[in-house]
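Undergrad: Quick one: the structure is below, and I'll ask about it shortly.
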Amino acid sequence: MRGYTKISLAVSAMLASISAHADYAWNFPEPVTPMALDTLHVHNKFMLIAMAIFFVVLAIMIYSIFAHRKSKNFKPLTDKAPSTIVEIFWTLIPFVILLWIDFVVMGIPAYHSVIMMEDTRDKANMVIKITGSQWRWQYEYMDGDAQGIKFVSNLATPKEQTDKGFAGAKDENYLLEVDNRLVLPVGAKVRILMTSADVMHNWWVPQFGSSRMAVPGFIRETWVQVEKAGTYRGQCKELCGKGHGYMPVVVDALPVEEYKKWVAAKKEELAKASAGADKEWTKDELVANGKVVYEKNCAVCHQVTGAGLPPAFPAITGSKVTNAPIFGADGKYLKDGHLDRVLNGIRVMPSWKALLNDTEIASVITYERNALGNSVGDILQPAQVKEARQ
Amino acid sequence: MSTTTVAHHEEHAEHPTGIMRWLTTTNHKDIGTMYLTFALIMFFVGGAMILGIRAELFKPGLQLMNPEFFNQLIGVHALIMIFAALMPAATGFANWMIPLQIGAPDMALPRLNNWGFWLLPPSAILLTLPFTLALFGIGDGALATGWTFYPPLSIQGGIGVDFAIFAVHLLGISSVLGSINIIVTVFNMRAPGMTLMKMPMFVWGWLITAFLLIATIPVLAGAVTMLLTDRHFGTHFFDAAGGGDPIMFQHLFWFFGHPEVYILLLPVWGFIPQILETFSRKPMYGYKAQVYSFWAVGALSVVVWAHHFFTSGMPVPALLYFMYSTMAISLPLAVMFFCWIKTMWKGSMSFETPMLFTVGWIILFGIGGLTGLVLADVAADAQYHNSYFIVAHFHYTLFAGGIMGIMAGTYYWLPKMTGHMYNEKLGKLHFWLTAISFNLTFIPQFFLGLAGMPRRIPDYALQFAEFNMISTIAAFTLGLSQLIFVYNIVTCARGGKKATDQVWEGAQGLEWTLPSPPPYHSFTEQPTVK
């Protein structure tokens, strides 16, 4: 067993040195978790076995192709079937070789990898919850110092770069940059709970070696233990609609001290934001803030201009929902009204309840009613949203 | 295709001429020809779609299409290639060759046969119509969920999903009808003396395929019907909010989807050894071993489905079971590879186009099989799953293992079907262009997948640019090379050097005892097999 590991390390070192010379990558990126390291070893070993089988069989075929040709007047054998015991024995040899490779050479290490991959709970230092939605990730810290930290992570590549026909220079991390990165402490075993708000997603960072489908209505689990500080990038890898190529994952792994600082800073930032919910906002403030929220979250479907992409994504401009009152006579928000739609969603429209805070929802609704070609005139205060959530 | 060539052979075979001949025909060879022609046309329709995708992926950034349209192309490309190109091509050969190989005058259920074919054009229209409707502002285009229909994405989708569901229903009915016909024919119409264990391998391959189709197509039909009722009639089979489970759809879909791979491959595994024995001038090695391997693959294929979604999360025992059972498929395949190579070994080989395609097929399908073995490993699968690695893997099994096999069969039987020899030089050119550009298209995709490029994305990060560019250039070469194939088939159907009855020096079996092309009602006197 040890021999394989040595060979596979030698091969990966060789492949890595080739890739250093060009912009081509020939193998998995550098592993930074125990699981990714294990996966790389298993992958290299299995690939070597597969290549060995392939080239041995190919060599036999090529020899036969050159030696046993009609143009060389080779007289064919007339044996027909494995009729004697010896021939049956020969036919069973490939069967036995594969039996040994499948269930011993490959099967045993593969067993240990599976056990390791699925052991999400043992010695876990912290728990985070990841929620996929169209087309962003939401991260929530479930325990420890960071408990209560919760934020949404959106694509941060400038929109004009992803537009059709953009000809200029693209950012270095084109399509792999987000506004709020997930931050993890180096060395901690992080248990990840995965779910989805709408369709299937799959949270994947190649250097972590873990990937798990986010299933709406169910919790799935995986874990990571990043052993090297740095920034790691990945993408959603389950087709989830038109924005599937635009929901990257970016993780910053920080040394424990720096992580603690980040936790403190993030908590303060979130506290400030929720404090904003209690104050009275002016219309201009709400509209200005709403524009930012709209363009980050809503424009992907309803477009920056509010024109939408009918029939799948209706226009905001002149929309019945936008121009109707929000609240009924009893002071409760109307079913199928503007606030109901944003809070709870309908069909393709996601529910924003869990994704946006009170201020953001109030701002974006006010913005939609007083910009994008609409002029309803009323405003919605964060406090009203807070109350509506009860 | 063979209107004129068949007609002058037959005085006593009365049938309508012109378009009515093709609409009303119950003749197994005419229906076979229609299946093959349909498959060839749809091969180009599906190919054009994927070239659109490869053009979009030529460099980072969106150049040609928006992401919605991109998503429609990928799913419809797959459905067309699987259901409207590969399966009809295999069924076409079954119609043509099974009666000839077992010494029967026709298929057992000729009218059913006609119906089976005529279900295909409407379903192809159903699949592609939403593209056209969208141009007129009706609906938002075709199925955009990939060919796998995973809910809840497919529940969100537009009318394209409904069209695709009905198309799949029609295609499924067609496949089941064809399968029933093949089973009835094989069990009842073999020439005297042809016991089951004397049947040609191709007939064996199709017999197992037919059973797999009958076992799995109803499950697919049920799953997409549940999807339809979830979409329109308020059921919650796949909606967790109503007590359903979206993962259940994946189980149902892949219970069909995995055997489907072998449904596409078993007919090819059937005629590959026949081509090998012909051009090695040496009887096939290990006939019984291959038949038993077919049974083993058929049985295993229905118990390994969940390896298509290891990353969706399952209990450890389930992961282990599906991993080991998947690995076990390599056992019968190892025996088959051994028999194929042993058939070549110490033969007297010559390398006409069918043999070139067959040898190339063994090598490339070998790559598909071996990468499949690696994919069975659950932990490593977390990396490969839904990356370009898997795209490369299944194109090695389905393009190399499926379509290149069908091409080998086409060149092998074309002289028998048309009565003319095709252009050997063009055939060889077609092989080399196909084999080289195929590898240049998909080898880069293995590396893209390992580096972390997910599949089904319309735009990608800059680090993936070089390999995508190579892949796109090679894909266009691959696509254009297929025009040689069509040219060769059409000229061969229209005329050329007369083919002898036996066509190939080493050809064995009943189909080579008939004239080329065979008379309208294949065997008028029943042959006997010793």
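To be explicit about the labels: the chains of the structure tokens are called A, B, and onward in the order shown, and within each one the residues are counted from 1, while ligands get numbers from 1 in the order they are shown.
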Taking only C-alpha atoms into account, which residues of chain B are within 6 Å of chain A, as a ChimeraX atom specification?

TA: /B:61-63,67-68,152-153,156,240,283,285-286,311-312,327,331,334-335,345-350,370,377,379-380,382,447,450-452,454,457,461

Undergrad: Stretch 66-150 of chain A: which residues are strand (DSSP E or B) by DSSP, as a list of chain:residue names?

TA: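 The strand (DSSP E or B) subset of stretch 66-150 of chain A is A:Arg69, A:Met126, A:Val127, A:Ile128, A:Lys129, A:Ile130, A:Thr131, A:Gly132, A:Ser133, A:Arg136, A:Trp137, A:Gln138, A:Tyr139, A:Glu140, A:Tyr141, A:Lys150.
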
Undergrad: Take the residues just selected and output them with C-alpha atoms as a CSV table (one decimal), in the first residue's frame.

TA:
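Generated file (again_25.csv):
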chain,number,residue,atom,x,y,z
A,69,ARG,CA,-2.3,-9.4,-40.4
A,126,MET,CA,-18.0,24.3,14.9
A,127,VAL,CA,-21.1,24.1,12.8
A,128,ILE,CA,-22.2,26.3,10.0
A,129,LYS,CA,-25.3,26.1,7.9
A,130,ILE,CA,-25.2,26.8,4.1
A,131,THR,CA,-28.4,27.6,2.2
A,132,GLY,CA,-28.3,27.6,-1.5
A,133,SER,CA,-30.8,29.7,-3.4
A,136,ARG,CA,-26.5,33.0,-4.1
A,137,TRP,CA,-25.3,31.3,-1.0
A,138,GLN,CA,-26.3,32.1,2.5
A,139,TYR,CA,-24.0,31.3,5.4
A,140,GLU,CA,-25.0,31.0,9.1
A,141,TYR,CA,-22.8,30.3,12.0
A,150,LYS,CA,-25.6,35.2,9.1

Undergrad: Between atom CA of B:Val261 and atom CA of B:Pro444, what is the spacing in Å?

TA: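 Going from atom CA of B:Pro444 over to atom CA of B:Val261, I get 23.2 Å.
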
Undergrad: Can you tell me which residues surround A:Trp262 at a distance of at most 12 Å, considering only C-alpha atoms, apart from same-chain residues fewer than 3 positions away, and format the answer as a PyMOL selection string?

TA: chain A and resi 145-146+149+181-185+252-259+265-269

Undergrad: Using only C-alpha atoms, please write the residues we just selected to a file, as a tab-separated table (two decimals), in the first residue's frame.

TA:
chain	number	residue	atom	x	y	z
A	145	ASP	CA	-18.36	32.83	19.37
A	146	ALA	CA	-19.68	33.36	15.91
A	149	ILE	CA	-23.61	35.61	12.28
A	181	ARG	CA	-16.82	35.60	1.78
A	182	LEU	CA	-17.31	32.67	4.09
A	183	VAL	CA	-14.61	32.89	6.76
A	184	LEU	CA	-13.33	29.79	8.55
A	185	PRO	CA	-10.60	29.30	11.14
A	252	ASP	CA	-11.18	32.76	3.45
A	253	ALA	CA	-9.33	30.47	5.85
A	254	LEU	CA	-7.84	32.65	8.57
A	255	PRO	CA	-5.49	31.80	11.47
A	256	VAL	CA	-7.53	31.49	14.68
A	257	GLU	CA	-6.55	34.94	16.05
A	258	GLU	CA	-7.51	36.74	12.88
A	259	TYR	CA	-10.68	34.68	12.67
A	265	ALA	CA	-16.03	42.91	13.54
A	266	LYS	CA	-18.74	41.06	11.71
A	267	LYS	CA	-20.96	40.95	14.80
A	268	GLU	CA	-20.61	44.68	15.24
A	269	GLU	CA	-21.48	45.28	11.59

Undergrad: Identify, on the basis of only C-alpha atoms, every residue whose closest approach to B:Thr441 does not exceed 9 Å; exclude the query and any residue fewer than 4 positions from it along the same chain; express the result as a list of chain:residue names.

TA: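 Contacts, in chain order: B:Ala392, B:Ile436, B:Ser437, B:Gln445, B:Asn468, B:Ile470, B:Ser471, B:Thr472, B:Ile473, B:Ala474, B:Ala475, B:Phe476, B:Leu478.
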